[in-house]
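Participant: So here's work22.cif (mmCIF, C-alpha atoms).
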data_coords
#
loop_
_atom_site.group_PDB
_atom_site.id
_atom_site.type_symbol
_atom_site.label_atom_id
_atom_site.label_comp_id
_atom_site.auth_asym_id
_atom_site.auth_seq_id
_atom_site.Cartn_x
_atom_site.Cartn_y
_atom_site.Cartn_z
ATOM 1 C CA MET A 1 7.565 19.902 4.452
ATOM 2 C CA LYS A 2 6.034 17.083 2.416
ATOM 3 C CA HIS A 3 3.130 14.775 3.256
ATOM 4 C CA TYR A 4 2.585 11.290 1.817
ATOM 5 C CA LEU A 5 -1.168 10.980 1.349
ATOM 6 C CA GLN A 6 -1.297 9.142 -1.986
ATOM 7 C CA PHE A 7 1.175 7.576 -4.391
ATOM 8 C CA THR A 8 1.298 10.638 -6.660
ATOM 9 C CA ASP A 9 2.692 12.794 -3.853
ATOM 10 C CA LEU A 10 6.196 11.709 -4.894
ATOM 11 C CA THR A 11 7.926 11.711 -8.274
ATOM 12 C CA ALA A 12 9.520 8.829 -10.153
ATOM 13 C CA SER A 13 12.937 10.190 -9.188
ATOM 14 C CA GLN A 14 12.008 10.283 -5.522
ATOM 15 C CA TYR A 15 10.753 6.688 -5.684
ATOM 16 C CA ALA A 16 13.997 5.587 -7.314
ATOM 17 C CA TYR A 17 15.853 7.132 -4.367
ATOM 18 C CA LEU A 18 13.505 5.536 -1.812
ATOM 19 C CA PHE A 19 13.834 2.065 -3.352
ATOM 20 C CA ASP A 20 17.632 2.351 -3.301
ATOM 21 C CA ARG A 21 17.503 3.632 0.261
ATOM 22 C CA ALA A 22 15.138 0.844 1.366
ATOM 23 C CA SER A 23 17.541 -1.706 -0.099
ATOM 24 C CA LEU A 24 20.429 -0.250 1.912
ATOM 25 C CA ILE A 25 18.353 -0.069 5.105
ATOM 26 C CA LYS A 26 17.201 -3.674 4.650
ATOM 27 C CA LYS A 27 20.788 -4.895 4.138
ATOM 28 C CA LYS A 28 21.812 -3.205 7.386
ATOM 29 C CA PHE A 29 18.830 -4.777 9.177
ATOM 30 C CA LYS A 30 19.783 -8.247 7.925
ATOM 31 C CA ALA A 31 23.397 -7.706 8.992
ATOM 32 C CA TYR A 32 22.366 -6.465 12.476
ATOM 33 C CA GLU A 33 23.945 -3.076 11.774
ATOM 34 C CA LYS A 34 22.445 -0.131 13.631
ATOM 35 C CA HIS A 35 20.835 2.532 11.489
ATOM 36 C CA GLN A 36 19.418 5.243 13.742
ATOM 37 C CA PRO A 37 19.136 8.589 11.931
ATOM 38 C CA LEU A 38 15.865 9.414 13.735
ATOM 39 C CA THR A 39 17.152 9.308 17.306
ATOM 40 C CA ASP A 40 14.938 11.423 19.594
ATOM 41 C CA ARG A 41 12.235 11.748 16.899
ATOM 42 C CA THR A 42 8.670 10.669 17.687
ATOM 43 C CA LEU A 43 6.053 9.099 15.433
ATOM 44 C CA ALA A 44 2.355 9.333 16.353
ATOM 45 C CA MET A 45 0.274 6.485 14.890
ATOM 46 C CA ILE A 46 -3.492 7.063 14.754
ATOM 47 C CA PHE A 47 -5.626 4.007 14.016
ATOM 48 C CA GLU A 48 -9.315 4.264 13.192
ATOM 49 C CA LYS A 49 -8.894 0.996 11.250
ATOM 50 C CA ALA A 50 -6.976 -1.720 13.082
ATOM 51 C CA SER A 51 -4.071 -3.497 11.363
ATOM 52 C CA THR A 52 -1.410 -5.991 12.398
ATOM 53 C CA ARG A 53 1.036 -5.254 9.576
ATOM 54 C CA THR A 54 0.672 -1.469 9.602
ATOM 55 C CA ARG A 55 1.211 -1.211 13.346
ATOM 56 C CA VAL A 56 4.132 -3.635 13.558
ATOM 57 C CA SER A 57 5.888 -2.321 10.435
ATOM 58 C CA PHE A 58 5.702 1.355 11.472
ATOM 59 C CA GLU A 59 6.321 0.784 15.176
ATOM 60 C CA ALA A 60 9.230 -1.627 14.781
ATOM 61 C CA GLY A 61 10.602 0.490 11.948
ATOM 62 C CA MET A 62 10.590 3.710 13.967
ATOM 63 C CA TYR A 63 12.275 2.019 16.933
ATOM 64 C CA GLN A 64 14.933 0.589 14.613
ATOM 65 C CA LEU A 65 15.563 4.101 13.277
ATOM 66 C CA GLY A 66 16.254 5.234 16.857
ATOM 67 C CA GLY A 67 12.955 7.010 17.422
ATOM 68 C CA SER A 68 9.932 6.446 19.625
ATOM 69 C CA VAL A 69 6.241 5.845 18.979
ATOM 70 C CA VAL A 70 2.924 7.036 20.397
ATOM 71 C CA HIS A 71 0.095 4.640 19.483
ATOM 72 C CA LEU A 72 -3.472 6.016 19.416
ATOM 73 C CA THR A 73 -6.606 4.014 18.668
ATOM 74 C CA THR A 74 -10.135 5.250 17.971
ATOM 75 C CA GLY A 75 -10.943 5.283 21.676
ATOM 76 C CA ASP A 76 -7.778 7.217 22.493
ATOM 77 C CA SER A 77 -8.016 9.842 19.785
ATOM 78 C CA GLN A 78 -11.715 10.268 18.883
ATOM 79 C CA LEU A 79 -10.483 11.776 15.634
ATOM 80 C CA GLY A 80 -13.089 14.179 14.306
ATOM 81 C CA ARG A 81 -15.707 13.254 16.922
ATOM 82 C CA ALA A 82 -14.804 14.551 20.379
ATOM 83 C CA GLU A 83 -12.635 17.201 18.723
ATOM 84 C CA PRO A 84 -12.494 18.613 15.201
ATOM 85 C CA ILE A 85 -9.836 16.981 13.020
ATOM 86 C CA GLU A 86 -8.233 20.350 12.458
ATOM 87 C CA ASP A 87 -7.772 20.882 16.223
ATOM 88 C CA SER A 88 -6.373 17.372 16.716
ATOM 89 C CA ALA A 89 -3.847 18.060 13.963
ATOM 90 C CA ARG A 90 -2.780 21.369 15.495
ATOM 91 C CA VAL A 91 -2.230 19.784 18.916
ATOM 92 C CA ILE A 92 -0.661 16.429 17.985
ATOM 93 C CA SER A 93 1.718 17.949 15.435
ATOM 94 C CA ARG A 94 3.166 20.270 18.108
ATOM 95 C CA MET A 95 4.220 17.263 20.183
ATOM 96 C CA VAL A 96 5.621 14.793 17.643
ATOM 97 C CA ASP A 97 7.796 14.837 14.524
ATOM 98 C CA LEU A 98 5.723 12.623 12.214
ATOM 99 C CA VAL A 99 2.144 11.317 12.052
ATOM 100 C CA MET A 100 0.825 8.133 10.448
ATOM 101 C CA ILE A 101 -2.959 7.805 10.097
ATOM 102 C CA ARG A 102 -4.977 4.735 9.111
ATOM 103 C CA THR A 103 -8.577 5.792 8.676
ATOM 104 C CA PHE A 104 -11.677 5.676 6.478
ATOM 105 C CA GLU A 105 -12.257 8.655 4.170
ATOM 106 C CA GLN A 106 -9.300 10.257 2.374
ATOM 107 C CA THR A 107 -10.769 13.655 3.229
ATOM 108 C CA LYS A 108 -10.025 13.011 6.916
ATOM 109 C CA ILE A 109 -6.305 12.587 6.381
ATOM 110 C CA GLU A 110 -6.232 15.538 3.971
ATOM 111 C CA ARG A 111 -7.898 17.791 6.550
ATOM 112 C CA PHE A 112 -5.438 16.612 9.209
ATOM 113 C CA ALA A 113 -2.450 17.237 6.937
ATOM 114 C CA ALA A 114 -3.682 20.709 6.023
ATOM 115 C CA HIS A 115 -3.370 21.744 9.686
ATOM 116 C CA SER A 116 -0.309 19.693 10.681
ATOM 117 C CA ARG A 117 3.104 21.216 11.364
ATOM 118 C CA VAL A 118 4.812 17.859 10.639
ATOM 119 C CA PRO A 119 4.684 15.319 7.772
ATOM 120 C CA VAL A 120 1.621 13.061 7.627
ATOM 121 C CA ILE A 121 1.685 9.533 6.137
ATOM 122 C CA ASN A 122 -1.299 7.628 4.800
ATOM 123 C CA GLY A 123 -1.297 4.201 6.473
ATOM 124 C CA LEU A 124 -4.497 3.354 4.532
ATOM 125 C CA THR A 125 -7.751 5.058 3.606
ATOM 126 C CA ASN A 126 -10.822 3.848 1.746
ATOM 127 C CA GLU A 127 -9.398 5.379 -1.423
ATOM 128 C CA PHE A 128 -5.628 4.752 -1.307
ATOM 129 C CA HIS A 129 -2.927 2.516 0.210
ATOM 130 C CA PRO A 130 0.367 4.038 -1.008
ATOM 131 C CA CYS A 131 2.747 2.433 1.519
ATOM 132 C CA GLN A 132 1.564 -1.037 0.499
ATOM 133 C CA ILE A 133 2.044 -0.408 -3.218
ATOM 134 C CA MET A 134 5.473 1.054 -2.531
ATOM 135 C CA ALA A 135 6.346 -2.182 -0.676
ATOM 136 C CA ASP A 136 4.912 -4.299 -3.506
ATOM 137 C CA ILE A 137 6.946 -2.505 -6.167
ATOM 138 C CA PHE A 138 10.097 -2.725 -4.041
ATOM 139 C CA THR A 139 9.483 -6.472 -3.659
ATOM 140 C CA PHE A 140 9.085 -6.838 -7.417
ATOM 141 C CA ILE A 141 12.351 -4.957 -7.991
ATOM 142 C CA GLU A 142 14.150 -7.244 -5.522
ATOM 143 C CA HIS A 143 12.986 -10.360 -7.357
ATOM 144 C CA ARG A 144 12.742 -9.282 -11.001
ATOM 145 C CA GLY A 145 14.424 -5.891 -11.453
ATOM 146 C CA SER A 146 12.779 -2.732 -12.761
ATOM 147 C CA ILE A 147 8.990 -2.712 -13.035
ATOM 148 C CA LYS A 148 9.101 -0.294 -15.963
ATOM 149 C CA GLY A 149 7.332 -1.777 -18.976
ATOM 150 C CA LYS A 150 6.043 -4.779 -17.016
ATOM 151 C CA THR A 151 2.423 -5.938 -16.656
ATOM 152 C CA VAL A 152 0.603 -6.287 -13.342
ATOM 153 C CA ALA A 153 -2.687 -8.215 -13.221
ATOM 154 C CA TRP A 154 -5.095 -7.010 -10.538
ATOM 155 C CA VAL A 155 -7.825 -9.591 -9.881
ATOM 156 C CA GLY A 156 -10.682 -8.748 -7.512
ATOM 157 C CA ASP A 157 -12.193 -5.650 -5.953
ATOM 158 C CA GLY A 158 -11.670 -2.216 -7.496
ATOM 159 C CA ASN A 159 -10.608 -0.907 -4.099
ATOM 160 C CA ASN A 160 -7.916 1.335 -2.592
ATOM 161 C CA MET A 161 -5.195 -1.087 -3.687
ATOM 162 C CA ALA A 162 -6.401 -1.087 -7.297
ATOM 163 C CA ASN A 163 -6.648 2.710 -7.241
ATOM 164 C CA THR A 164 -3.076 3.031 -6.040
ATOM 165 C CA TRP A 165 -1.738 0.492 -8.557
ATOM 166 C CA LEU A 166 -3.160 2.670 -11.340
ATOM 167 C CA GLN A 167 -1.504 5.780 -9.926
ATOM 168 C CA ALA A 168 1.801 3.916 -9.746
ATOM 169 C CA ALA A 169 1.490 2.534 -13.288
ATOM 170 C CA LYS A 170 1.167 5.970 -14.824
ATOM 171 C CA LEU A 171 3.967 7.453 -12.714
ATOM 172 C CA LEU A 172 6.480 4.592 -13.063
ATOM 173 C CA ASP A 173 5.544 3.523 -16.610
ATOM 174 C CA PHE A 174 4.139 0.019 -16.350
ATOM 175 C CA LYS A 175 0.748 -1.503 -17.143
ATOM 176 C CA VAL A 176 -2.057 -2.761 -14.911
ATOM 177 C CA ASN A 177 -4.656 -5.200 -16.238
ATOM 178 C CA VAL A 178 -7.673 -4.860 -13.947
ATOM 179 C CA SER A 179 -10.425 -7.473 -13.714
ATOM 180 C CA THR A 180 -13.320 -6.964 -11.292
ATOM 181 C CA PRO A 181 -16.864 -8.310 -11.098
ATOM 182 C CA SER A 182 -19.589 -6.101 -12.534
ATOM 183 C CA GLY A 183 -20.498 -3.407 -10.030
ATOM 184 C CA TYR A 184 -17.106 -3.476 -8.313
ATOM 185 C CA GLU A 185 -15.043 -1.669 -10.946
ATOM 186 C CA VAL A 186 -12.301 0.827 -10.211
ATOM 187 C CA ASN A 187 -13.600 4.366 -9.781
ATOM 188 C CA GLU A 188 -11.446 6.049 -12.411
ATOM 189 C CA LYS A 189 -12.264 9.531 -11.089
ATOM 190 C CA ILE A 190 -10.489 8.576 -7.858
ATOM 191 C CA ALA A 191 -7.736 6.360 -9.252
ATOM 192 C CA VAL A 192 -6.633 8.356 -12.272
ATOM 193 C CA SER A 193 -4.818 11.637 -11.821
ATOM 194 C CA PRO A 194 -5.661 14.681 -13.945
ATOM 195 C CA GLY A 195 -4.880 14.099 -17.597
ATOM 196 C CA GLY A 196 -6.301 10.572 -17.622
ATOM 197 C CA ILE A 197 -4.516 7.285 -18.162
ATOM 198 C CA SER A 198 -3.848 5.540 -21.463
ATOM 199 C CA THR A 199 -4.255 1.894 -22.450
ATOM 200 C CA GLU A 200 -0.461 1.761 -22.320
ATOM 201 C CA HIS A 201 -0.804 1.824 -18.518
ATOM 202 C CA TYR A 202 -4.300 0.489 -17.816
ATOM 203 C CA GLN A 203 -6.730 -1.959 -19.352
ATOM 204 C CA SER A 204 -9.959 -3.359 -17.930
ATOM 205 C CA TYR A 205 -11.036 -6.987 -18.420
ATOM 206 C CA SER A 206 -14.318 -8.739 -17.617
ATOM 207 C CA ASP A 207 -12.485 -12.098 -17.665
ATOM 208 C CA PRO A 208 -9.846 -12.478 -14.918
ATOM 209 C CA MET A 209 -8.051 -15.180 -16.920
ATOM 210 C CA ALA A 210 -7.561 -12.713 -19.788
ATOM 211 C CA ALA A 211 -6.201 -10.099 -17.366
ATOM 212 C CA CYS A 212 -3.568 -12.568 -16.124
ATOM 213 C CA GLU A 213 -2.401 -13.598 -19.581
ATOM 214 C CA GLY A 214 1.267 -12.681 -20.019
ATOM 215 C CA ALA A 215 1.425 -10.813 -16.690
ATOM 216 C CA ASP A 216 4.701 -10.400 -14.790
ATOM 217 C CA LEU A 217 2.864 -10.073 -11.477
ATOM 218 C CA VAL A 218 -0.563 -11.302 -10.361
ATOM 219 C CA THR A 219 -1.983 -9.684 -7.251
ATOM 220 C CA THR A 220 -5.221 -9.492 -5.328
ATOM 221 C CA ASP A 221 -6.839 -8.500 -2.024
ATOM 222 C CA VAL A 222 -9.689 -9.715 0.170
ATOM 223 C CA TRP A 223 -13.138 -9.609 -1.387
ATOM 224 C CA THR A 224 -14.568 -7.620 1.522
ATOM 225 C CA SER A 225 -12.434 -4.746 2.790
ATOM 226 C CA MET A 226 -12.765 -3.337 6.313
ATOM 227 C CA GLY A 227 -15.911 -1.259 6.594
ATOM 228 C CA TYR A 228 -17.873 -3.327 4.054
ATOM 229 C CA GLU A 229 -18.566 -6.382 6.228
ATOM 230 C CA ALA A 230 -22.346 -6.057 5.785
ATOM 231 C CA GLU A 231 -21.816 -6.906 2.086
ATOM 232 C CA ASN A 232 -19.806 -10.044 2.816
ATOM 233 C CA GLU A 233 -22.244 -12.694 1.588
ATOM 234 C CA VAL A 234 -23.254 -10.713 -1.505
ATOM 235 C CA ARG A 235 -19.584 -10.231 -2.356
ATOM 236 C CA ARG A 236 -18.798 -13.941 -1.931
ATOM 237 C CA GLN A 237 -21.287 -14.715 -4.666
ATOM 238 C CA ALA A 238 -20.247 -11.834 -6.941
ATOM 239 C CA PHE A 239 -16.511 -12.618 -6.687
ATOM 240 C CA ALA A 240 -16.678 -16.423 -7.010
ATOM 241 C CA ALA A 241 -14.943 -16.408 -10.421
ATOM 242 C CA TRP A 242 -12.246 -13.969 -9.249
ATOM 243 C CA ARG A 243 -10.280 -16.377 -7.071
ATOM 244 C CA VAL A 244 -6.622 -16.418 -8.126
ATOM 245 C CA SER A 245 -5.957 -20.033 -9.067
ATOM 246 C CA ALA A 246 -3.086 -22.106 -10.395
ATOM 247 C CA GLU A 247 -4.773 -21.909 -13.810
ATOM 248 C CA MET A 248 -4.556 -18.104 -13.737
ATOM 249 C CA MET A 249 -0.890 -18.257 -12.761
ATOM 250 C CA LYS A 250 -0.220 -20.662 -15.655
ATOM 251 C CA VAL A 251 -1.413 -18.144 -18.267
ATOM 252 C CA ALA A 252 0.819 -15.461 -16.740
ATOM 253 C CA LYS A 253 4.529 -15.484 -17.578
ATOM 254 C CA ARG A 254 6.438 -18.547 -16.407
ATOM 255 C CA ASP A 255 8.364 -16.483 -13.864
ATOM 256 C CA ALA A 256 5.364 -14.382 -12.771
ATOM 257 C CA LEU A 257 5.157 -13.484 -9.096
ATOM 258 C CA PHE A 258 2.083 -13.600 -6.863
ATOM 259 C CA MET A 259 1.411 -10.948 -4.210
ATOM 260 C CA HIS A 260 -1.291 -10.287 -1.631
ATOM 261 C CA CYS A 261 -1.265 -7.431 0.891
ATOM 262 C CA LEU A 262 -2.696 -9.732 3.623
ATOM 263 C CA PRO A 263 -4.562 -10.875 5.604
ATOM 264 C CA ALA A 264 -5.542 -13.577 3.109
ATOM 265 C CA HIS A 265 -8.481 -15.959 3.019
ATOM 266 C CA ARG A 266 -7.368 -19.162 1.326
ATOM 267 C CA GLY A 267 -10.187 -20.592 -0.736
ATOM 268 C CA GLU A 268 -11.763 -17.160 -1.278
ATOM 269 C CA GLU A 269 -9.686 -14.586 -3.177
ATOM 270 C CA VAL A 270 -6.753 -16.987 -3.636
ATOM 271 C CA ASP A 271 -6.200 -20.736 -3.644
ATOM 272 C CA ALA A 272 -3.852 -22.149 -1.017
ATOM 273 C CA ASP A 273 -1.568 -23.705 -3.635
ATOM 274 C CA VAL A 274 -0.976 -20.227 -5.092
ATOM 275 C CA ILE A 275 -0.309 -18.185 -1.949
ATOM 276 C CA ASP A 276 1.758 -21.010 -0.458
ATOM 277 C CA GLY A 277 3.328 -21.948 -3.784
ATOM 278 C CA PRO A 278 6.753 -21.203 -5.310
ATOM 279 C CA GLN A 279 5.643 -18.063 -7.179
ATOM 280 C CA SER A 280 4.312 -16.372 -4.049
ATOM 281 C CA VAL A 281 6.423 -13.637 -2.456
ATOM 282 C CA VAL A 282 3.851 -12.500 0.094
ATOM 283 C CA TRP A 283 6.149 -12.902 3.104
ATOM 284 C CA ASP A 284 8.903 -10.802 1.519
ATOM 285 C CA GLU A 285 6.191 -8.323 0.552
ATOM 286 C CA ALA A 286 4.931 -8.122 4.154
ATOM 287 C CA GLU A 287 8.427 -7.600 5.585
ATOM 288 C CA ASN A 288 9.213 -4.972 2.983
ATOM 289 C CA ARG A 289 6.448 -2.734 4.317
ATOM 290 C CA MET A 290 8.785 -2.020 7.217
ATOM 291 C CA HIS A 291 11.850 -1.303 5.091
ATOM 292 C CA VAL A 292 10.192 1.044 2.581
ATOM 293 C CA GLN A 293 8.408 2.862 5.407
ATOM 294 C CA LYS A 294 11.710 3.346 7.215
ATOM 295 C CA ALA A 295 13.126 4.877 4.038
ATOM 296 C CA LEU A 296 10.020 7.048 3.694
ATOM 297 C CA MET A 297 10.082 8.323 7.296
ATOM 298 C CA GLU A 298 13.789 9.073 7.031
ATOM 299 C CA TYR A 299 13.215 10.954 3.765
ATOM 300 C CA LEU A 300 10.249 12.993 5.008
ATOM 301 C CA LEU A 301 12.209 14.152 8.064
ATOM 302 C CA LEU A 302 15.784 14.403 6.765
ATOM 303 C CA GLY A 303 15.579 14.556 2.966
ATOM 304 C CA ARG A 304 18.113 12.758 0.798
ATOM 305 C CA LEU A 305 21.109 11.453 2.709
#
Please lay out the structure from this file as structure tokens.

Facilitator:
Amino acid sequence: MKHYLQFTDLTASQYAYLFDRASLIKKKFKAYEKHQPLTDRTLAMIFEKASTRTRVSFEAGMYQLGGSVVHLTTGDSQLGRAEPIEDSARVISRMVDLVMIRTFEQTKIERFAAHSRVPVINGLTNEFHPCQIMADIFTFIEHRGSIKGKTVAWVGDGNNMANTWLQAAKLLDFKVNVSTPSGYEVNEKIAVSPGGISTEHYQSYSDPMAACEGADLVTTDVWTSMGYEAENEVRRQAFAAWRVSAEMMKVAKRDALFMHCLPAHRGEEVDADVIDGPQSVVWDEAENRMHVQKALMEYLLLGRL
């Protein structure tokens, strides 16, 4: 049994398989061909952090695979409050085949997984967002081919997305240029796996324009992630120069893509003419969450097919 709690839980070879599999599953979806290898399997989704895209992509995806879904919110599950996480894991995992959790601390999902009899998937934690980065890389491959040797510019908060991009860069051999305001840098102890990460895969910039120069992909996220709302006004001021603009896209490669995991705030972390412009692939990126997650759920339950 394998869990998917952070990007480094799978190997480069396994990702190559999953991207190929996601492509096949997406083609079937577009052609209205049934693909139901998970008939009679049940996915439990536990949400301590609400999300439109995570819920719809996992729920619709599991139904399309022939399975069923149990949806639990904070009020339904009381994860770690009314009952110890370990006990919740022991009970829930006896009744379903797969569990997806979207929560706060990474330690919560790790404790759940340690006592689960079925695979557990990280739908997002404060530290990591592996399903989103898997979707982003799959989207890049669809539009531009292999990401190996390419350069990704991360502009904005050194958050769970930035952490996961760095894990992916080292594993899949590409580079991430990170630019954050002072005080909001990536926590390298969290982001970088044992053995460190070289400048071949990661470089930090104080100037976001410099980070975007020559990039194949420019990507960002909201300035204030869920759980940090009290810092909203302070962050607006700190991040003012980290709005992805047309000028930043111009210094990237001519065919550079723009991505955003959504929801987006036009006029804050990105200008409207960028996210709604010709280089933006955010809608493909959003849809692809469902396809890569279908491939992942299939793989965790059935292995390579």

Participant: Name the residues in contact with Met134 of chain A at a cut-off of 10 Å, using all atoms listed in the file, excluding same-chain residues fewer than 2 positions from it; report them as a PyMOL selection string.

Facilitator: chain A and resi 7+15+18-19+129-132+136-140+164-165+168+285+288-289+292-293+296

Participant: The PyMOL selection byres ((chain A and resi 122) around 6) - which residues does that actually catch in the file I just gave you? List them as a PyMOL selection string.

Facilitator: chain A and resi 5+101+121+123-124

Participant: What is the distance between atom CA of Ala22 of chain A and atom CA of Ala114 of chain A, in Å to one decimal?

Facilitator: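 Between these atoms lies a distance of 27.8 Å.
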
Participant: Residues near Met1 of chain A, anyone? I mean within 9 Å using all atoms listed in the file, not counting same-chain ones fewer than 4 positions away, as a list in words.

Facilitator: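 Near neighbours after the sequence-gap exclusion: Arg117, Val118, Pro119, Leu300 and Leu301 of chain A.
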
Participant: So that I can see what lies close to Lys294 of chain A, please list as a PyMOL selection string the residues with an atom at most 12 Å from it, counting all atoms listed in the file and leaving out residues fewer than 5 positions away in the same chain.

Facilitator: chain A and resi 18-19+21-26+29+35-38+43+57-67+121+131+134-135+287-289+299-302

Participant: Could you take the residues named above and write them with C-alpha atoms, as an mmCIF file, in the frame of the given file?

Facilitator:
data_model
loop_
_atom_site.group_PDB
_atom_site.id
_atom_site.type_symbol
_atom_site.label_atom_id
_atom_site.label_comp_id
_atom_site.auth_asym_id
_atom_site.auth_seq_id
_atom_site.Cartn_x
_atom_site.Cartn_y
_atom_site.Cartn_z
ATOM 1 C CA LEU A 18 13.505 5.536 -1.812
ATOM 2 C CA PHE A 19 13.834 2.065 -3.352
ATOM 3 C CA ARG A 21 17.503 3.632 0.261
ATOM 4 C CA ALA A 22 15.138 0.844 1.366
ATOM 5 C CA SER A 23 17.541 -1.706 -0.099
ATOM 6 C CA LEU A 24 20.429 -0.250 1.912
ATOM 7 C CA ILE A 25 18.353 -0.069 5.105
ATOM 8 C CA LYS A 26 17.201 -3.674 4.650
ATOM 9 C CA PHE A 29 18.830 -4.777 9.177
ATOM 10 C CA HIS A 35 20.835 2.532 11.489
ATOM 11 C CA GLN A 36 19.418 5.243 13.742
ATOM 12 C CA PRO A 37 19.136 8.589 11.931
ATOM 13 C CA LEU A 38 15.865 9.414 13.735
ATOM 14 C CA LEU A 43 6.053 9.099 15.433
ATOM 15 C CA SER A 57 5.888 -2.321 10.435
ATOM 16 C CA PHE A 58 5.702 1.355 11.472
ATOM 17 C CA GLU A 59 6.321 0.784 15.176
ATOM 18 C CA ALA A 60 9.230 -1.627 14.781
ATOM 19 C CA GLY A 61 10.602 0.490 11.948
ATOM 20 C CA MET A 62 10.590 3.710 13.967
ATOM 21 C CA TYR A 63 12.275 2.019 16.933
ATOM 22 C CA GLN A 64 14.933 0.589 14.613
ATOM 23 C CA LEU A 65 15.563 4.101 13.277
ATOM 24 C CA GLY A 66 16.254 5.234 16.857
ATOM 25 C CA GLY A 67 12.955 7.010 17.422
ATOM 26 C CA ILE A 121 1.685 9.533 6.137
ATOM 27 C CA CYS A 131 2.747 2.433 1.519
ATOM 28 C CA MET A 134 5.473 1.054 -2.531
ATOM 29 C CA ALA A 135 6.346 -2.182 -0.676
ATOM 30 C CA GLU A 287 8.427 -7.600 5.585
ATOM 31 C CA ASN A 288 9.213 -4.972 2.983
ATOM 32 C CA ARG A 289 6.448 -2.734 4.317
ATOM 33 C CA TYR A 299 13.215 10.954 3.765
ATOM 34 C CA LEU A 300 10.249 12.993 5.008
ATOM 35 C CA LEU A 301 12.209 14.152 8.064
ATOM 36 C CA LEU A 302 15.784 14.403 6.765
#

Participant: For this structure, which residues satisfy the selection - the PyMOL selection byres ((chain A and resi 270) around 12) - when it is evaluated on the file as given? I want them as a PyMOL selection string.

Facilitator: chain A and resi 155-156+218-223+239-249+258-269+271-277+280

Participant: Output the selection as a compact mmCIF listing (two decimals), in the coordinates of the input - C-alpha atoms for each residue.

Facilitator:
# COMPACT_ATOMS: atom_id res chain seq x y z
CA VAL A 155 -7.82 -9.59 -9.88
CA GLY A 156 -10.68 -8.75 -7.51
CA VAL A 218 -0.56 -11.30 -10.36
CA THR A 219 -1.98 -9.68 -7.25
CA THR A 220 -5.22 -9.49 -5.33
CA ASP A 221 -6.84 -8.50 -2.02
CA VAL A 222 -9.69 -9.72 0.17
CA TRP A 223 -13.14 -9.61 -1.39
CA PHE A 239 -16.51 -12.62 -6.69
CA ALA A 240 -16.68 -16.42 -7.01
CA ALA A 241 -14.94 -16.41 -10.42
CA TRP A 242 -12.25 -13.97 -9.25
CA ARG A 243 -10.28 -16.38 -7.07
CA VAL A 244 -6.62 -16.42 -8.13
CA SER A 245 -5.96 -20.03 -9.07
CA ALA A 246 -3.09 -22.11 -10.40
CA GLU A 247 -4.77 -21.91 -13.81
CA MET A 248 -4.56 -18.10 -13.74
CA MET A 249 -0.89 -18.26 -12.76
CA PHE A 258 2.08 -13.60 -6.86
CA MET A 259 1.41 -10.95 -4.21
CA HIS A 260 -1.29 -10.29 -1.63
CA CYS A 261 -1.26 -7.43 0.89
CA LEU A 262 -2.70 -9.73 3.62
CA PRO A 263 -4.56 -10.88 5.60
CA ALA A 264 -5.54 -13.58 3.11
CA HIS A 265 -8.48 -15.96 3.02
CA ARG A 266 -7.37 -19.16 1.33
CA GLY A 267 -10.19 -20.59 -0.74
CA GLU A 268 -11.76 -17.16 -1.28
CA GLU A 269 -9.69 -14.59 -3.18
CA ASP A 271 -6.20 -20.74 -3.64
CA ALA A 272 -3.85 -22.15 -1.02
CA ASP A 273 -1.57 -23.70 -3.64
CA VAL A 274 -0.98 -20.23 -5.09
CA ILE A 275 -0.31 -18.18 -1.95
CA ASP A 276 1.76 -21.01 -0.46
CA GLY A 277 3.33 -21.95 -3.78
CA SER A 280 4.31 -16.37 -4.05

Participant: Identify which of the residues A:Glu83, A:Met100, A:Gly158, A:Gln237 lies closest to Asn187 of chain A, counting all atoms listed in the file when measuring atom-to-atom distances.

Facilitator: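 The closest residue to Asn187 of chain A is A:Gly158.
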
Participant: Determine the nearest neighbour of Leu171 of chain A from the options A:Leu10, A:Asp20, A:Thr73, A:Tyr4, counting all atoms listed in the file.

Facilitator: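 Comparing A:Leu10, A:Asp20, A:Thr73, A:Tyr4 against Leu171 of chain A, the winner is A:Leu10.
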
Participant: Quick one: of A:Met226, A:Gly149, A:Gln106, A:His115, who's nearest to Pro84 of chain A, counting all atoms listed in the file?

Facilitator: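 Of the candidates, the smallest distance to Pro84 of chain A is held by A:His115.
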
Participant: In Å to one decimal, how far is atom CA of Phe47 of chain A from atom CA of Ala89 of chain A?

Facilitator: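 The value is 14.2 Å.
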
Participant: Asp157 of chain A: which residues within 6 Å, counting all atoms listed in the file, same-chain residues fewer than 2 positions away excluded, as a PyMOL selection string?

Facilitator: chain A and resi 159+180+184

Participant: Mind pulling up the distance from atom CA of Val70 of chain A to atom CA of Lys28 of chain A?

Facilitator: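 These atoms are spaced 25.1 Å apart.
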
Participant: Check the smallest atom-to-atom distance from each of A:Arg111, A:Lys34, A:Arg102, A:Arg254 to Cys212 of chain A using only C-alpha atoms, then report the winner.

Facilitator: A:Arg254

Participant: Written as number ranges by chain, which residues does the PyMOL selection byres ((chain A and resi 90) around 10) give for the file shown?

Facilitator: A: 85-89, 91-95, 112-118

Participant: Looking at A:Glu48, A:Asn160, A:Asp216, A:Ser204, which one is nearest to Ile190 of chain A, with distances taken over all atoms listed in the file?

Facilitator: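 Among A:Glu48, A:Asn160, A:Asp216, A:Ser204, it is A:Asn160 that comes nearest to Ile190 of chain A.
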
Participant: Output as lines of an AutoDock Vina configuration file the centre and edge lengths (Å, one decimal) of the box along x, y and z of the file that holds every listed atom of segment 218-221 of chain A after adding 5 Å on each side.

Facilitator:
center_x = -3.7
center_y = -9.9
center_z = -6.2
size_x = 16.3
size_y = 12.8
size_z = 18.3
